[in-house]
>>> print(open('upload-v2.cif').read())   # mmCIF, C-alpha atoms
data_run
loop_
_atom_site.label_atom_id
_atom_site.label_comp_id
_atom_site.auth_asym_id
_atom_site.auth_seq_id
_atom_site.Cartn_x
_atom_site.Cartn_y
_atom_site.Cartn_z
CA MET A 1 18.49 -7.15 34.75
CA THR A 2 15.31 -5.20 35.43
CA GLU A 3 12.16 -5.28 33.43
CA ARG A 4 8.76 -3.60 33.51
CA PRO A 5 6.13 -4.72 33.90
CA THR A 6 7.64 -6.83 36.66
CA ALA A 7 6.51 -10.43 37.07
CA GLN A 8 4.33 -9.23 39.90
CA GLU A 9 2.74 -6.51 37.77
CA LEU A 10 2.04 -9.04 35.01
CA THR A 11 0.45 -11.40 37.53
CA GLU A 12 -1.73 -8.57 38.76
CA ALA A 13 -2.87 -7.79 35.19
CA ILE A 14 -3.89 -11.44 34.70
CA GLN A 15 -5.75 -11.46 38.02
CA GLU A 16 -7.73 -8.40 37.00
CA PHE A 17 -8.54 -9.89 33.62
CA LEU A 18 -9.73 -13.22 35.04
CA GLY A 19 -11.68 -11.65 37.87
CA GLY A 20 -13.14 -8.78 35.89
CA GLU A 21 -13.78 -10.22 32.44
CA ILE A 22 -13.78 -14.02 32.55
CA LEU A 23 -15.26 -15.00 35.90
CA PRO A 24 -18.52 -13.04 35.38
CA THR A 25 -19.14 -14.94 32.12
CA LEU A 26 -18.78 -18.42 33.67
CA THR A 27 -22.15 -20.03 34.30
CA ASP A 28 -21.01 -23.63 34.73
CA HIS A 29 -20.64 -24.15 38.51
CA ARG A 30 -17.77 -26.57 38.27
CA LEU A 31 -15.81 -24.34 35.94
CA ARG A 32 -16.53 -21.33 38.08
CA PHE A 33 -15.20 -23.11 41.14
CA ARG A 34 -12.06 -24.21 39.29
CA MET A 35 -11.51 -20.64 38.09
CA LEU A 36 -11.69 -19.39 41.69
CA VAL A 37 -9.14 -22.05 42.67
CA ALA A 38 -6.85 -20.91 39.82
CA MET A 39 -7.23 -17.27 40.85
CA ASN A 40 -6.35 -18.20 44.40
CA ALA A 41 -3.20 -19.91 43.12
CA LEU A 42 -2.32 -16.71 41.25
CA SER A 43 -2.74 -14.72 44.48
CA ILE A 44 -0.14 -17.00 46.07
CA VAL A 45 2.27 -16.26 43.22
CA TYR A 46 1.51 -12.55 43.53
CA ARG A 47 2.28 -12.47 47.27
CA GLU A 48 5.39 -14.57 46.85
CA LEU A 49 6.68 -12.16 44.20
CA ALA A 50 5.81 -9.23 46.45
CA ALA A 51 8.08 -10.66 49.13
CA LEU A 52 11.12 -10.71 46.80
CA PRO A 53 13.65 -7.89 47.16
CA LEU A 54 13.40 -5.22 44.44
CA GLU A 55 15.96 -5.66 41.71
CA ASP A 56 18.63 -3.01 41.54
CA ASP A 57 18.56 -1.16 38.22
CA THR A 58 21.30 1.34 39.05
CA GLU A 59 23.69 -0.14 36.49
CA GLN A 60 21.11 0.09 33.70
CA ARG A 61 20.24 3.67 34.63
CA GLU A 62 23.90 4.68 34.67
CA LEU A 63 24.55 3.07 31.30
CA ALA A 64 21.47 4.70 29.75
CA ALA A 65 22.52 8.11 31.09
CA ARG A 66 26.09 7.69 29.78
CA ILE A 67 24.90 6.84 26.28
CA ARG A 68 22.49 9.79 26.39
CA ALA A 69 25.47 12.02 27.18
CA GLY A 70 27.27 10.65 24.12
CA ASP A 71 29.74 8.56 26.10
CA VAL A 72 29.71 5.24 24.24
CA PRO A 73 32.86 3.18 24.92
CA THR A 74 33.91 0.35 22.59
CA GLY A 75 32.09 -2.86 23.40
CA THR A 76 28.91 -1.10 24.54
CA LEU A 77 26.86 -2.46 21.65
CA ARG A 78 28.00 -6.04 22.32
CA HIS A 79 27.21 -5.69 26.02
CA VAL A 80 23.76 -4.19 25.36
CA LYS A 81 22.95 -6.85 22.76
CA ALA A 82 23.71 -9.63 25.25
CA ASP A 83 21.40 -7.96 27.74
CA VAL A 84 18.54 -7.66 25.22
CA GLU A 85 19.04 -11.34 24.31
CA ALA A 86 18.74 -12.34 27.94
CA ARG A 87 15.48 -10.38 28.24
CA LEU A 88 14.17 -11.94 25.01
CA ARG A 89 14.85 -15.44 26.30
CA ILE A 90 12.24 -14.65 28.96
CA ALA A 91 9.81 -12.45 27.02
CA SER A 92 9.86 -14.00 23.55
CA PRO A 93 12.25 -16.95 23.03
CA ARG A 94 10.66 -17.96 19.74
CA TYR A 95 11.26 -14.52 18.30
CA LEU A 96 14.95 -14.76 19.17
CA GLU A 97 15.17 -18.22 17.60
CA ALA A 98 13.38 -17.16 14.41
CA TYR A 99 15.52 -14.03 14.15
CA ARG A 100 18.70 -16.06 14.30
CA GLU A 101 17.44 -18.58 11.78
CA ALA A 102 16.52 -15.78 9.35
CA ALA A 103 19.93 -14.18 9.81
CA ALA A 104 21.71 -17.48 9.15
CA GLU A 105 19.97 -17.98 5.79
CA MET B 1 -27.40 1.77 23.70
CA ILE B 2 -27.37 0.26 20.20
CA ALA B 3 -31.00 1.25 19.60
CA GLU B 4 -30.26 4.88 20.51
CA MET B 5 -27.13 4.86 18.42
CA ARG B 6 -29.12 3.63 15.45
CA GLU B 7 -31.80 6.26 15.91
CA SER B 8 -29.26 9.11 16.12
CA LEU B 9 -27.34 7.80 13.13
CA GLN B 10 -30.53 7.37 11.14
CA SER B 11 -31.45 11.05 11.38
CA LEU B 12 -27.86 12.33 11.06
CA LEU B 13 -27.13 10.19 8.00
CA SER B 14 -30.43 11.08 6.34
CA GLU B 15 -29.46 14.73 6.76
CA MET B 16 -25.92 14.08 5.52
CA LEU B 17 -27.00 12.17 2.43
CA GLY B 18 -29.97 14.41 1.73
CA ARG B 19 -32.54 11.62 1.75
CA GLU B 20 -34.33 9.35 4.17
CA VAL B 21 -32.12 6.27 4.60
CA GLU B 22 -32.83 2.88 6.08
CA LEU B 23 -30.13 1.67 8.50
CA THR B 24 -29.12 -1.80 9.53
CA GLU B 25 -28.32 -2.38 13.19
CA PRO B 26 -24.89 -0.89 14.03
CA VAL B 27 -22.29 -3.55 14.89
CA LEU B 28 -19.32 -2.68 17.10
CA LEU B 29 -16.25 -3.93 15.20
CA ALA B 30 -13.56 -2.73 17.54
CA GLY B 31 -13.97 -1.22 20.94
CA GLY B 32 -10.54 0.24 21.49
CA ALA B 33 -9.88 2.34 24.56
CA SER B 34 -9.50 5.48 22.47
CA LYS B 35 -11.83 4.95 19.54
CA GLU B 36 -14.73 2.76 18.53
CA ALA B 37 -15.50 1.52 15.04
CA TRP B 38 -19.10 0.72 14.11
CA ALA B 39 -20.23 -0.97 10.91
CA VAL B 40 -23.62 0.02 9.57
CA ASP B 41 -25.28 -0.13 6.16
CA ALA B 42 -27.40 2.76 4.88
CA ASP B 43 -29.66 1.61 2.04
CA GLY B 44 -27.07 -1.04 1.24
CA GLU B 45 -24.10 1.35 1.32
CA PRO B 46 -21.46 -0.05 3.68
CA LEU B 47 -20.41 2.64 6.17
CA LEU B 48 -17.96 2.84 9.00
CA VAL B 49 -18.55 5.10 11.98
CA ARG B 50 -15.50 6.11 13.99
CA ARG B 51 -16.48 7.38 17.41
CA ALA B 52 -14.43 8.65 20.34
CA ALA B 53 -14.18 6.39 23.39
CA GLY B 54 -12.93 7.06 26.88
CA SER B 55 -9.26 7.87 26.75
CA VAL B 56 -6.83 9.00 24.08
CA ILE B 57 -4.37 6.43 22.79
CA HIS B 58 -1.48 8.79 22.50
CA ARG B 59 -1.10 12.45 23.26
CA HIS B 60 0.17 13.23 19.78
CA THR B 61 -2.80 11.93 17.82
CA LEU B 62 -5.29 14.02 15.89
CA SER B 63 -8.78 14.75 17.14
CA LEU B 64 -11.52 12.98 15.18
CA ALA B 65 -12.47 16.32 13.58
CA ASN B 66 -8.94 16.83 12.28
CA GLU B 67 -8.53 13.19 11.28
CA PHE B 68 -11.67 13.55 9.21
CA ALA B 69 -10.36 16.74 7.60
CA VAL B 70 -7.13 14.94 6.62
CA ILE B 71 -9.11 12.09 5.03
CA GLU B 72 -11.11 14.69 3.09
CA ALA B 73 -7.92 16.36 1.89
CA ALA B 74 -6.45 12.98 0.88
CA HIS B 75 -9.67 12.08 -0.93
CA GLU B 76 -9.55 15.35 -2.87
CA ALA B 77 -5.90 14.69 -3.75
CA GLY B 78 -6.88 11.36 -5.30
CA VAL B 79 -5.39 9.15 -2.59
CA LYS B 80 -7.18 5.81 -2.25
CA VAL B 81 -9.07 6.39 0.99
CA PRO B 82 -12.55 5.47 2.17
CA ARG B 83 -14.99 8.07 0.85
CA PRO B 84 -15.56 10.56 3.68
CA TYR B 85 -19.26 11.26 4.40
CA GLY B 86 -19.33 13.64 7.30
CA TYR B 87 -18.20 14.70 10.75
CA ILE B 88 -20.62 14.45 13.69
CA PRO B 89 -19.77 16.68 16.69
CA ASP B 90 -22.16 14.79 18.95
CA LEU B 91 -23.16 11.18 18.45
CA GLU B 92 -24.70 10.02 21.71
CA GLY B 93 -22.41 12.32 23.67
CA ARG B 94 -19.17 11.83 21.74
CA GLU B 95 -17.66 13.11 18.49
CA ALA B 96 -17.61 10.80 15.46
CA PHE B 97 -17.24 10.70 11.72
CA VAL B 98 -18.68 8.57 8.96
CA MET B 99 -16.84 7.13 6.00
CA GLU B 100 -17.16 4.37 3.45
CA ARG B 101 -16.43 0.85 4.75
CA LEU B 102 -13.97 -0.72 2.32
CA GLU B 103 -14.02 -4.43 1.63
CA GLY B 104 -10.68 -6.21 1.85
CA ASP B 105 -7.99 -7.48 4.19
CA THR B 106 -6.26 -5.35 6.78
CA ILE B 107 -4.82 -8.09 9.02
CA GLY B 108 -1.04 -8.13 8.53
CA ARG B 109 -0.53 -11.88 9.01
CA ARG B 110 -3.13 -12.67 6.36
CA ILE B 111 -1.78 -10.13 3.89
CA VAL B 112 1.74 -11.55 4.00
CA GLN B 113 0.59 -15.19 3.83
CA LYS B 114 -2.72 -15.61 2.01
CA GLU B 115 -2.37 -17.44 -1.29
CA GLU B 116 -5.11 -15.42 -2.98
CA LEU B 117 -3.11 -12.26 -2.27
CA ALA B 118 0.12 -13.37 -4.01
CA ALA B 119 -0.55 -11.11 -7.01
CA ALA B 120 -1.45 -8.26 -4.67
CA ARG B 121 1.89 -8.68 -2.89
CA ASP B 122 3.72 -8.43 -6.22
CA ALA B 123 1.89 -5.21 -7.03
CA LEU B 124 2.14 -3.62 -3.59
CA PRO B 125 5.66 -2.13 -3.62
CA VAL B 126 4.82 0.05 -6.63
CA GLN B 127 1.26 0.76 -5.48
CA MET B 128 2.41 1.75 -1.99
CA ALA B 129 4.90 4.19 -3.52
CA GLU B 130 2.18 5.70 -5.70
CA GLU B 131 -0.24 6.36 -2.83
CA LEU B 132 2.53 7.71 -0.62
CA ALA B 133 3.71 10.12 -3.33
CA LYS B 134 0.12 11.42 -3.63
CA ILE B 135 -0.10 11.88 0.15
CA HIS B 136 3.18 13.78 0.23
CA ALA B 137 1.92 16.06 -2.56
CA ILE B 138 -1.05 17.29 -0.46
CA SER B 139 -0.61 21.00 0.22
CA PRO B 140 0.15 21.62 3.92
CA GLU B 141 -2.07 24.71 3.64
CA ARG B 142 -5.03 22.41 3.06
CA VAL B 143 -4.46 20.90 6.54
CA PRO B 144 -3.04 23.85 8.56
CA PHE B 145 -3.65 22.18 11.92
CA LEU B 146 -0.97 19.52 11.36
CA SER B 147 2.12 19.99 13.49
CA ASP B 148 5.77 19.35 12.83
CA THR B 149 7.25 16.27 14.44
CA ARG B 150 10.86 16.38 15.41
CA LEU B 151 13.08 13.43 16.15
CA GLU B 152 13.57 14.90 19.65
CA ARG B 153 9.97 14.13 20.52
CA MET B 154 10.94 10.46 20.81
CA VAL B 155 13.38 11.37 23.58
CA GLU B 156 10.65 13.22 25.47
CA GLU B 157 8.36 10.22 25.20
CA LEU B 158 11.07 7.89 26.48
CA ASP B 159 11.75 10.20 29.42
CA ASP B 160 8.02 10.27 30.21
CA VAL B 161 8.16 6.48 30.69
CA GLY B 162 11.19 6.83 32.94
CA GLU B 163 12.62 3.31 32.53
CA PRO B 164 16.28 2.76 31.52
CA HIS B 165 16.68 1.19 28.06
CA PRO B 166 20.30 1.30 26.88
CA ALA B 167 19.43 -0.32 23.51
CA ILE B 168 16.99 2.49 22.72
CA GLU B 169 19.55 5.05 23.90
CA LEU B 170 22.11 3.54 21.52
CA GLY B 171 19.62 3.88 18.68
CA LEU B 172 18.89 7.51 19.56
CA TRP B 173 22.61 8.23 19.86
CA TRP B 174 23.32 6.78 16.40
CA LEU B 175 20.43 8.80 14.92
CA ARG B 176 21.83 12.01 16.41
CA GLU B 177 25.36 11.28 15.17
CA ASN B 178 24.37 10.31 11.62
CA ARG B 179 21.49 12.61 10.77
CA PRO B 180 21.19 13.04 6.98
CA PRO B 181 20.51 16.46 5.43
CA SER B 182 16.80 17.01 5.99
CA CYS B 183 14.24 17.12 3.19
CA PRO B 184 11.59 19.87 3.33
CA ALA B 185 8.64 18.67 5.45
CA VAL B 186 5.58 17.26 3.71
CA VAL B 187 2.15 16.06 4.82
CA ALA B 188 3.00 12.65 6.29
CA HIS B 189 0.59 9.81 7.07
CA GLY B 190 2.59 8.90 10.18
CA ASP B 191 1.70 5.19 10.32
CA TYR B 192 2.04 4.07 6.70
CA ARG B 193 2.51 0.30 6.82
CA ILE B 194 0.91 -3.07 6.21
CA GLY B 195 -1.89 -3.37 8.76
CA ASN B 196 -3.17 0.13 8.00
CA LEU B 197 -3.82 -0.57 4.31
CA VAL B 198 -6.85 -2.32 2.82
CA ILE B 199 -5.66 -5.05 0.46
CA ARG B 200 -7.68 -6.91 -2.17
CA GLU B 201 -6.64 -9.43 -4.80
CA GLU B 202 -5.74 -6.61 -7.18
CA GLY B 203 -3.68 -4.85 -4.53
CA LEU B 204 -3.97 -1.67 -2.48
CA ALA B 205 -7.58 -0.54 -2.12
CA GLY B 206 -7.36 2.05 0.63
CA VAL B 207 -5.17 3.85 3.14
CA LEU B 208 -6.60 3.88 6.69
CA ASP B 209 -5.69 5.15 10.16
CA TRP B 210 -4.82 8.80 9.66
CA GLU B 211 -4.70 9.77 13.33
CA PHE B 212 -0.90 10.11 13.35
CA ALA B 213 -0.77 12.49 10.34
CA HIS B 214 1.72 15.33 10.77
CA LEU B 215 4.37 17.30 8.86
CA ASP B 216 7.66 15.47 8.49
CA ASP B 217 10.61 14.39 6.40
CA PRO B 218 9.08 12.34 3.55
CA VAL B 219 11.71 9.60 3.88
CA ARG B 220 10.78 9.03 7.51
CA ASP B 221 7.18 8.42 6.46
CA MET B 222 8.37 6.17 3.67
CA ALA B 223 10.63 4.01 5.83
CA PHE B 224 8.05 3.15 8.48
CA ALA B 225 6.69 0.35 6.28
CA LEU B 226 10.14 -1.31 6.51
CA VAL B 227 10.14 -1.76 10.29
CA ARG B 228 10.54 -5.46 11.09
CA ALA B 229 7.56 -5.62 13.46
CA TRP B 230 5.34 -4.77 10.46
CA ARG B 231 6.69 -7.63 8.32
CA PHE B 232 4.43 -10.02 10.22
CA GLY B 233 6.76 -13.00 10.36
CA VAL B 234 8.18 -12.68 6.82
CA PRO B 235 11.37 -10.76 7.66
CA GLU B 236 13.16 -11.51 4.39
CA LYS B 237 10.70 -9.27 2.55
CA ARG B 238 11.87 -5.93 3.84
CA LEU B 239 8.89 -3.93 2.67
CA GLY B 240 6.19 -4.98 5.11
CA GLY B 241 6.65 -8.71 4.54
CA VAL B 242 5.19 -8.32 1.05
CA GLY B 243 8.13 -7.49 -1.20
CA PRO B 244 11.48 -5.83 -1.90
CA VAL B 245 12.24 -2.18 -1.22
CA GLU B 246 13.84 -1.28 -4.58
CA PRO B 247 10.66 -0.96 -6.69
CA TYR B 248 9.06 1.03 -3.85
CA LEU B 249 12.01 3.41 -3.72
CA ASP B 250 12.35 3.73 -7.51
CA ARG B 251 8.67 4.44 -8.10
CA TYR B 252 8.57 6.94 -5.24
CA ASN B 253 11.60 8.82 -6.60
CA GLU B 254 10.07 8.83 -10.07
CA LEU B 255 6.79 10.35 -8.87
CA SER B 256 8.08 12.73 -6.20
CA GLY B 257 11.05 14.06 -8.15
CA LEU B 258 13.18 13.44 -5.07
CA ASP B 259 16.37 11.42 -5.10
CA VAL B 260 16.03 9.32 -1.98
CA HIS B 261 19.03 7.05 -1.40
CA PRO B 262 18.93 3.58 0.15
CA GLU B 263 21.13 4.82 3.04
CA GLU B 264 18.48 7.39 3.94
CA LEU B 265 15.93 4.59 4.11
CA ASP B 266 18.32 2.66 6.40
CA TYR B 267 18.56 5.69 8.69
CA TRP B 268 14.81 6.19 8.92
CA GLU B 269 14.15 2.46 9.25
CA LEU B 270 16.24 2.55 12.40
CA ALA B 271 14.33 5.66 13.52
CA GLY B 272 11.06 3.77 12.92
CA ASN B 273 12.26 0.93 15.12
CA VAL B 274 13.37 3.32 17.86
CA GLY B 275 9.99 5.03 17.67
CA TRP B 276 8.11 1.74 17.94
CA ALA B 277 10.32 0.48 20.81
CA ILE B 278 9.36 3.64 22.70
CA GLY B 279 5.76 3.19 21.57
CA CYS B 280 5.66 -0.23 23.25
CA LEU B 281 6.76 1.38 26.52
CA THR B 282 4.23 4.20 26.16
CA GLN B 283 1.48 1.63 25.70
CA MET B 284 2.71 -0.30 28.74
CA GLN B 285 2.61 2.94 30.72
CA ARG B 286 -1.11 3.33 29.93
CA HIS B 287 -1.62 0.06 31.79
CA LEU B 288 0.76 0.74 34.68
CA SER B 289 -0.60 4.23 35.28
CA GLY B 290 -4.13 2.83 35.55
CA GLN B 291 -5.32 4.89 32.57
CA ASP B 292 -6.23 1.76 30.67
CA ARG B 293 -5.72 -1.58 32.45
CA SER B 294 -5.08 -4.42 29.99
CA VAL B 295 -3.00 -7.60 29.82
CA GLU B 296 -2.28 -6.80 26.18
CA LEU B 297 -0.78 -3.38 26.93
CA ALA B 298 1.15 -4.78 29.89
CA THR B 299 2.67 -7.54 27.73
CA LEU B 300 3.64 -5.02 25.05
CA GLY B 301 6.07 -3.57 27.60
CA ARG B 302 7.99 -6.86 27.55
CA LEU B 303 7.64 -7.45 23.80
CA GLY B 304 9.45 -4.16 23.24
CA ALA B 305 12.59 -6.30 23.70
CA GLU B 306 11.91 -7.72 20.20
CA VAL B 307 12.16 -4.24 18.74
CA GLU B 308 15.27 -3.46 20.79
CA TYR B 309 16.87 -6.60 19.39
CA GLU B 310 16.24 -5.33 15.87
CA ILE B 311 17.77 -1.97 16.87
CA VAL B 312 21.03 -3.53 18.09
CA ASN B 313 21.22 -5.79 15.02
CA LEU B 314 20.73 -2.83 12.68
CA LEU B 315 23.44 -0.91 14.56
CA GLU B 316 25.79 -3.88 14.20
CA ARG B 317 25.13 -3.94 10.47
CA PHE B 318 25.66 -0.20 10.11
CA ALA B 319 28.95 -0.46 12.02
CA ALA B 320 30.27 -3.29 9.85
#
>>> encode(input="upload-v2.cif", output="structure tokens")
Amino acid sequence: MTERPTAQELTEAIQEFLGGEILPTLTDHRLRFRMLVAMNALSIVYRELAALPLEDDTEQRELAARIRAGDVPTGTLRHVKADVEARLRIASPRYLEAYREAAAE
Amino acid sequence: MIAEMRESLQSLLSEMLGREVELTEPVLLAGGASKEAWAVDADGEPLLVRRAAGSVIHRHTLSLANEFAVIEAAHEAGVKVPRPYGYIPDLEGREAFVMERLEGDTIGRRIVQKEELAAARDALPVQMAEELAKIHAISPERVPFLSDTRLERMVEELDDVGEPHPAIELGLWWLRENRPPSCPAVVAHGDYRIGNLVIREEGLAGVLDWEFAHLDDPVRDMAFALVRAWRFGVPEKRLGGVGPVEPYLDRYNELSGLDVHPEELDYWELAGNVGWAIGCLTQMQRHLSGQDRSVELATLGRLGAEVEYEIVNLLERFAA
């Protein structure tokens, strides 16, 4: 399973937001210090993610290309749905839950 | 910056309205990356100033000059739109236009939930059909700069992003295999849904956000309001979280003289979802490319999975 933005790219976006938009507004010294500590913790996460091997998306690319070419074997939809569900469990678990509840009604 | 803006607006609006007007201080309502919206009152008249910002949101959107011309055409055709006042080629260095600022709700979540708007929700399916039929009756000659939008453009946009998304590919494949006979193209709003409509207690008060206007199959324009993402957490009400589709479809057919079938709406509802799934990725790309860095745009790349889930569920239903 591959997904953009990657966890590292998302972390980077948060770092930029905190450093660029929030930190300059903090006037309370204690809060400012704690924000710097939090940003430092995020840098650790960022570097740790950077050290992970890149995920291989060859399978996804091949499947996408096959469907584009009109080659859609039986079972493709089921397989793709399971993959989207797995991504949703990370990106938006409450949406998945609410969707299933609505469908069951 | 605000003082200069006020001074420029003061003289431009006085010229536009043909009298010396007194302005309140302009308030920036939304500072999007592509466009700004300023609220200002001129002698008590509530006005909205749309002004260009740094980047463009989407390469297929209208310029402010053309967006203004479409609003003028819609206003002439009797569509409920904010009254257009005038186009300004240079407002402190950027193009802008001025229109009436309508009172009412535009926030989707509030429109589908607010108790005071229950009667409005009952009225909306028919009212939305009426405004859409008026939009589709605008003569394309009145807005000659509008371009045709083909389904294939979605494929180009997906390829521009360059990420593999089998669920979107499945949607595109189904759309290619099951294309209905096409209706002659009409002037289409392009983003006709809850969230882009001003709603008051009596119902629909105005149609906003014309930047995606183009020429298209009328049913495609009609079905965009059905896309699940625009039901704002009330999925059982298929028309924008406010009501059922049948009165919308019936009233539209009555006014347009067309005979749109529910299956055509199903087809274009799927197309709307595929388009929005790709839209999420396009927005994400604005962040990743550095054009417009934002946590919100970045996150949209992941939330596209919600739209893909709707695509695969619709495909399952169609296959059953």
>>> residues_around(input="upload-v2.cif", residues="segment 165-171 of chain B", least_positions_apart="6", cutoff="8 Å", atoms="all atoms listed in the file", output="ChimeraX atom specification")
/A:60-61,63-64,67-68,77,80-81,84 /B:270-271,274,277-278,308-309,311-312,315
>>> resolve_selection(input="upload-v2.cif", expression="the PyMOL selection byres ((chain B and resi 121) around 8)", output="list in words")
Ile111, Val112, Leu117, Ala118, Ala119, Ala120, Asp122, Ala123, Leu124, Pro125, Gly203, Val242 and Gly243 of chain B
>>> write_last_selection(input="upload-v2.cif", atoms="C-alpha atoms", output="tab-separated table (two decimals), keeping the file's coordinate frame")
chain	number	residue	atom	x	y	z
B	111	ILE	CA	-1.78	-10.13	3.89
B	112	VAL	CA	1.74	-11.55	4.00
B	117	LEU	CA	-3.11	-12.26	-2.27
B	118	ALA	CA	0.12	-13.37	-4.01
B	119	ALA	CA	-0.55	-11.11	-7.01
B	120	ALA	CA	-1.45	-8.26	-4.67
B	122	ASP	CA	3.72	-8.43	-6.22
B	123	ALA	CA	1.89	-5.21	-7.03
B	124	LEU	CA	2.14	-3.62	-3.59
B	125	PRO	CA	5.66	-2.13	-3.62
B	203	GLY	CA	-3.68	-4.85	-4.53
B	242	VAL	CA	5.19	-8.32	1.05
B	243	GLY	CA	8.13	-7.49	-1.20
>>> interface_residues(input="upload-v2.cif", of="chain B", to="chain A", cutoff="10 Å", atoms="only C-alpha atoms", output="CSV table (one decimal) with C-alpha atoms, in the coordinates of the input")
chain,number,residue,atom,x,y,z
B,155,VAL,CA,13.4,11.4,23.6
B,162,GLY,CA,11.2,6.8,32.9
B,163,GLU,CA,12.6,3.3,32.5
B,164,PRO,CA,16.3,2.8,31.5
B,165,HIS,CA,16.7,1.2,28.1
B,166,PRO,CA,20.3,1.3,26.9
B,167,ALA,CA,19.4,-0.3,23.5
B,168,ILE,CA,17.0,2.5,22.7
B,169,GLU,CA,19.6,5.0,23.9
B,170,LEU,CA,22.1,3.5,21.5
B,171,GLY,CA,19.6,3.9,18.7
B,172,LEU,CA,18.9,7.5,19.6
B,173,TRP,CA,22.6,8.2,19.9
B,174,TRP,CA,23.3,6.8,16.4
B,176,ARG,CA,21.8,12.0,16.4
B,177,GLU,CA,25.4,11.3,15.2
B,233,GLY,CA,6.8,-13.0,10.4
B,234,VAL,CA,8.2,-12.7,6.8
B,235,PRO,CA,11.4,-10.8,7.7
B,236,GLU,CA,13.2,-11.5,4.4
B,281,LEU,CA,6.8,1.4,26.5
B,284,MET,CA,2.7,-0.3,28.7
B,285,GLN,CA,2.6,2.9,30.7
B,287,HIS,CA,-1.6,0.1,31.8
B,288,LEU,CA,0.8,0.7,34.7
B,293,ARG,CA,-5.7,-1.6,32.4
B,294,SER,CA,-5.1,-4.4,30.0
B,295,VAL,CA,-3.0,-7.6,29.8
B,296,GLU,CA,-2.3,-6.8,26.2
B,297,LEU,CA,-0.8,-3.4,26.9
B,298,ALA,CA,1.2,-4.8,29.9
B,299,THR,CA,2.7,-7.5,27.7
B,300,LEU,CA,3.6,-5.0,25.0
B,301,GLY,CA,6.1,-3.6,27.6
B,302,ARG,CA,8.0,-6.9,27.6
B,303,LEU,CA,7.6,-7.4,23.8
B,304,GLY,CA,9.4,-4.2,23.2
B,305,ALA,CA,12.6,-6.3,23.7
B,306,GLU,CA,11.9,-7.7,20.2
B,307,VAL,CA,12.2,-4.2,18.7
B,308,GLU,CA,15.3,-3.5,20.8
B,309,TYR,CA,16.9,-6.6,19.4
B,310,GLU,CA,16.2,-5.3,15.9
B,311,ILE,CA,17.8,-2.0,16.9
B,312,VAL,CA,21.0,-3.5,18.1
B,313,ASN,CA,21.2,-5.8,15.0
B,315,LEU,CA,23.4,-0.9,14.6
B,316,GLU,CA,25.8,-3.9,14.2
>>> atom_distance(input="upload-v2.cif", atom1="atom CA of Leu197 of chain B", atom2="atom CA of Pro184 of chain B")
25.6 Å
>>> atom_distance(input="upload-v2.cif", atom1="atom CA of Thr27 of chain A", atom2="atom CA of Asn40 of chain A")
18.8 Å
>>> resolve_selection(input="upload-v2.cif", expression="the PyMOL selection byres ((chain A and resi 23) around 12)", output="PyMOL selection string")
chain A and resi 14-22+24-29+31-39
>>> atom_distance(input="upload-v2.cif", atom1="atom CA of Val260 of chain B", atom2="atom CA of Phe318 of chain B")
18.2 Å
>>> resolve_selection(input="upload-v2.cif", expression="the PyMOL selection byres ((chain B and resi 205-212) around 8)", output="list in words")
His60, Thr61, Leu62, Ser63, Leu64, Glu67, Val70, Ile71, Val79, Lys80, Val81, Pro82, Leu102, Gly104, His189, Gly190, Asp191, Asn196, Leu197, Val198, Ile199, Arg200, Gly203, Leu204, Ala213 and His214 of chain B
>>> decode(input="upload-v2.cif", residues="segment 299-308 of chain B", atoms="N, CA and C atoms", output="mmCIF file, in the first residue's frame")
data_model
loop_
_atom_site.group_PDB
_atom_site.id
_atom_site.type_symbol
_atom_site.label_atom_id
_atom_site.label_comp_id
_atom_site.auth_asym_id
_atom_site.auth_seq_id
_atom_site.Cartn_x
_atom_site.Cartn_y
_atom_site.Cartn_z
ATOM 1 N N THR B 299 -3.676 17.187 3.418
ATOM 2 C CA THR B 299 -4.583 16.205 4.003
ATOM 3 C C THR B 299 -5.646 15.760 3.000
ATOM 4 N N LEU B 300 -6.056 16.702 2.131
ATOM 5 C CA LEU B 300 -7.057 16.369 1.116
ATOM 6 C C LEU B 300 -6.592 15.195 0.246
ATOM 7 N N GLY B 301 -5.278 15.084 0.051
ATOM 8 C CA GLY B 301 -4.741 13.968 -0.723
ATOM 9 C C GLY B 301 -5.111 12.636 -0.105
ATOM 10 N N ARG B 302 -5.106 12.573 1.236
ATOM 11 C CA ARG B 302 -5.474 11.339 1.933
ATOM 12 C C ARG B 302 -6.987 11.159 2.008
ATOM 13 N N LEU B 303 -7.714 12.278 2.164
ATOM 14 C CA LEU B 303 -9.168 12.175 2.302
ATOM 15 C C LEU B 303 -9.840 11.776 0.990
ATOM 16 N N GLY B 304 -9.087 11.853 -0.097
ATOM 17 C CA GLY B 304 -9.599 11.363 -1.379
ATOM 18 C C GLY B 304 -10.038 9.905 -1.281
ATOM 19 N N ALA B 305 -9.482 9.163 -0.306
ATOM 20 C CA ALA B 305 -9.870 7.756 -0.118
ATOM 21 C C ALA B 305 -11.367 7.649 0.205
ATOM 22 N N GLU B 306 -11.926 8.680 0.858
ATOM 23 C CA GLU B 306 -13.371 8.670 1.158
ATOM 24 C C GLU B 306 -14.171 8.650 -0.147
ATOM 25 N N VAL B 307 -13.728 9.450 -1.087
ATOM 26 C CA VAL B 307 -14.425 9.545 -2.370
ATOM 27 C C VAL B 307 -14.234 8.249 -3.169
ATOM 28 N N GLU B 308 -13.037 7.681 -3.085
ATOM 29 C CA GLU B 308 -12.778 6.418 -3.777
ATOM 30 C C GLU B 308 -13.661 5.304 -3.205
#
